[in-house]
Amino acid sequence: MAFSRVFPDPPSKSIFKTFAVMLLSILASLYFLHCLTERCGTCIRTERRDAGPVERFYASKLKDFESLRRKRLLQKWTVMRHHSSIHRLESVREEDLPVIDADRRVFQAHVKMSNSLDVDLETGESYFDTGKLSALGEGSKKLPQAIIIGVKKGGTRALLEFLRVHPDIRAVGAEPHFFDRNYDNGMDWYRDLMPKTLEGQITMEKTPSYFVTREAPARIYAMSRKTKLIVVVRDPVTRAISDYTQTLSKKPDIPTFESLTFKNRTTGLIDTSWSAIQIGIYAKHLDNWLQFFPMSQILFVSGERLISDPAGELGRVQDFLGLKRIITDKHFYFNQTKGFPCLKKAEGSSKPHCLGKTKGRTHPNIDPEVVQRLRDFYRPFNMKFYQMTGRKFGWDD
């Protein structure tokens, strides 16, 4: 009895368990409330003091997270648009081309924008924060990736007009003559002449005199050794007569074609200093270009086939440029009056388009003997040109 009075019975274990459970419940509730406040602080209206360094750090991370989330949503939307556009392009009809072209522009612009929304989670900066996001579809001016370098009166204007139908090609209308006449103006001047392009589009220009300009290959190589070069060639005899016809239309008082062709009509010695004759010695000019560019970067287009089979030659050009074959025989019709193929729909128009009246002039009658002398003169140069290009153009058949 005395022992039990000095040391009363210890508390039961159930009391300690109940107390522990209550304590843990209270702590858990406080922790949950703390976590809820931290994660949803922007949704709880409380009066807060000015944010300290730690709070500002977490706020910036939250902002970055939201920016990144917007980026992911935009990329997901872009992919959906891409699949939709691809489906439409595969089933496109000719009359739908302007609509598809517009959709593709929007798609490319959104792809470009979504790729620009990278967030730096270390610094907290993003394009949303700093205003670096450019306007949709604005594009930029670039130096040309492909150039039609020749030849004069070979069909370069027709080729350029046909190519401009392609939605992935943007070209200068006028001839810049940068690498032969205006090189001293500098690359910035040259770039400023170019049209604005979006990602994936090719910038082009054409200046036929480049092919016979000795300095042009080195200058283009200095701009970019990856530049793709296109040369439209034509029977050199027919080309010389066409060249003379153009000059005659501007200067009716010039000497006859026959008198300009020969240094001495009696001996039959051809005057190779006359530009109309010199341009047609294609093998000689090509030698100059091969000092800088491999043959794989030069495409030769037949001026004759550009008339008889424009879609076929345009297919080769599109393949050379790495583009989808959008331009097909459905884009052309043959104009019997002009004797040339014309576009059913030109770039930016729903109306048919033929080259201007300066194209397809009637050639003057040339003495058949002079024509034959010229064919004999060009034959060995043509044979060498066929060997160099690996293609027979049929000028001596």
# chains A, B, ... in the order shown; residues from 1 in each chain; ligands from 1
call {"tool": "select_by_dssp", "arguments": {"residues": "stretch 142-346 of chain A", "states": "alpha helix (DSSP H)", "output": "MDAnalysis selection string"}}
result
chainID A and resid 156:163 187:193 216:223 236:250 257:261 275:278 282:289 303:308 310:320
call {"tool": "atom_distance", "arguments": {"atom1": "atom CA of A:Val237", "atom2": "atom CA of A:Leu374"}}
result
6.4 Å
call {"tool": "residues_around", "arguments": {"residues": "A:Ala240", "least_positions_apart": "3", "cutoff": "9 Å", "atoms": "only C-alpha atoms", "output": "PyMOL selection string"}}
result
chain A and resi 153+235-237+243-245+275-280
call {"tool": "atom_distance", "arguments": {"atom1": "atom CA of A:Arg170", "atom2": "atom CA of A:Ile148"}}
result
13.0 Å
call {"tool": "atom_distance", "arguments": {"atom1": "atom CA of A:Cys354", "atom2": "atom CA of A:Leu306"}}
result
13.9 Å
call {"tool": "closest_residue", "arguments": {"among": "A:Leu286, A:Leu260, A:Val21, A:Leu299", "to": "A:Asp319", "atoms": "only C-alpha atoms"}}
result
A:Leu299
call {"tool": "residues_around", "arguments": {"residues": "A:Phe211", "least_positions_apart": "5", "cutoff": "7 Å", "atoms": "only C-alpha atoms", "output": "list in words"}}
result
Ile149, Gly150, Val151 and His285 of chain A
call {"tool": "write_last_selection", "arguments": {"atoms": "N, CA and C atoms", "output": "mmCIF file, in the first residue's frame"}}
result
data_model
loop_
_atom_site.group_PDB
_atom_site.id
_atom_site.type_symbol
_atom_site.label_atom_id
_atom_site.label_comp_id
_atom_site.auth_asym_id
_atom_site.auth_seq_id
_atom_site.Cartn_x
_atom_site.Cartn_y
_atom_site.Cartn_z
ATOM 1 N N ILE A 149 22.877 33.084 -113.877
ATOM 2 C CA ILE A 149 24.041 33.861 -114.303
ATOM 3 C C ILE A 149 24.148 34.018 -115.817
ATOM 4 N N GLY A 150 23.279 33.381 -116.566
ATOM 5 C CA GLY A 150 23.379 33.534 -118.018
ATOM 6 C C GLY A 150 22.428 32.584 -118.722
ATOM 7 N N VAL A 151 22.433 32.686 -120.077
ATOM 8 C CA VAL A 151 23.173 33.654 -120.877
ATOM 9 C C VAL A 151 22.195 34.644 -121.508
ATOM 10 N N HIS A 285 33.815 30.139 -121.400
ATOM 11 C CA HIS A 285 33.335 30.835 -120.205
ATOM 12 C C HIS A 285 33.164 29.874 -119.029
#
call {"tool": "closest_residue", "arguments": {"among": "A:Thr207, A:Gln318, A:Ser296, A:Gln336", "to": "A:Phe162", "atoms": "only C-alpha atoms"}}
result
A:Gln318
call {"tool": "residues_around", "arguments": {"residues": "stretch 215-220 of chain A", "least_positions_apart": "4", "cutoff": "12 Å", "atoms": "only C-alpha atoms", "output": "ChimeraX atom specification"}}
result
/A:143-150,177-184,186-187,190,207-211,224-229,285-294,298
